[in-house]
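Remarks on the structure that follows.
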Amino acid sequence: MFAEIAGIPMFEFIYRRCLKANADQVVLATSNDPSDDELATAAVTKGFEVFRGSLNDVRSRFLDCAKHYEAEIIIRLCGDSPLVDIELMNRISQLHIDKDLDLVA
């Protein structure tokens with residue numbers, strides 16, 4: 001069972017909000033541990049892009065996901081933060097591009 005917001009599983013709520021950003025792709029990166037099988041299956045069933053990696057090394061999972069998708073700009077969001085500010089995401093991406101920055105935080 002997943003936490004819900006207005007009757008929508010939180011992972012779906014966050015993913016769908018991210019689709020509104022000026023992004024080429026949105027990927028749900030979860031672990032390859034069996035405890036995350038239900039999440040991965042539910043996300044794939046909804047047609048979401050899913051990447052699975054290390055349970056204990058989140059940094060490695062994040063970097064492996066970025067490499068897998070050959071991402072040039074990456075915005076990392078956590079699944080327990082449903083109030084995604086799409087405009088802020090877009091401004092961060094544009095700042096990164098305009099100023100040729102390595103990291104915007």
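Lettering and numbering for the structure tokens are positional, with chains as A, B, ... in the shown order, residues counted from 1 in each chain, and ligands counted from 1 in the shown order.
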Quiz prompt | Sel. of alpha helix (DSSP H) residues, chain A, as a PyMOL selection string | solution = chain A and resi 10-18+37-45+58-68+86-99
Quiz item: Which of these, A:Glu87, A:Glu12, A:Glu4, A:Asp102, has the shortest distance to Val44 in chain A once you count only C-alpha atoms?
Solution: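 Among the listed residues, the smallest separation from Val44 in chain A belongs to A:Glu12.
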Exercise. Could you find all residues in range 19-87 of chain A that DSSP calls strand (DSSP E) from the backbone, and write them as a ChimeraX atom specification?
Key: /A:27-31,49-53
Using only C-alpha atoms, which residues of range 58-77 of chain A come within 9 Å of range 18-39 of chain A, and what is the closest atom pair for each, with the distance in Å to one decimal? Give it as a tab-separated table, sorted by chain and residue number.
residue	atom	partner	partner_atom	distance
A:Val58	CA	A:Ser31	CA	8.4
A:Arg61	CA	A:Ala29	CA	7.3
A:Phe62	CA	A:Ala29	CA	7.1
A:Cys65	CA	A:Ala29	CA	7.0
A:Tyr69	CA	A:Gln25	CA	8.9
A:Ala71	CA	A:Gln25	CA	8.9
Practice problem: Have a look at A:Ile14, A:Leu83, A:Ile5, A:Cys78 and name the one nearest to Phe48 in chain A; count only C-alpha atoms. | Solution: A:Ile14
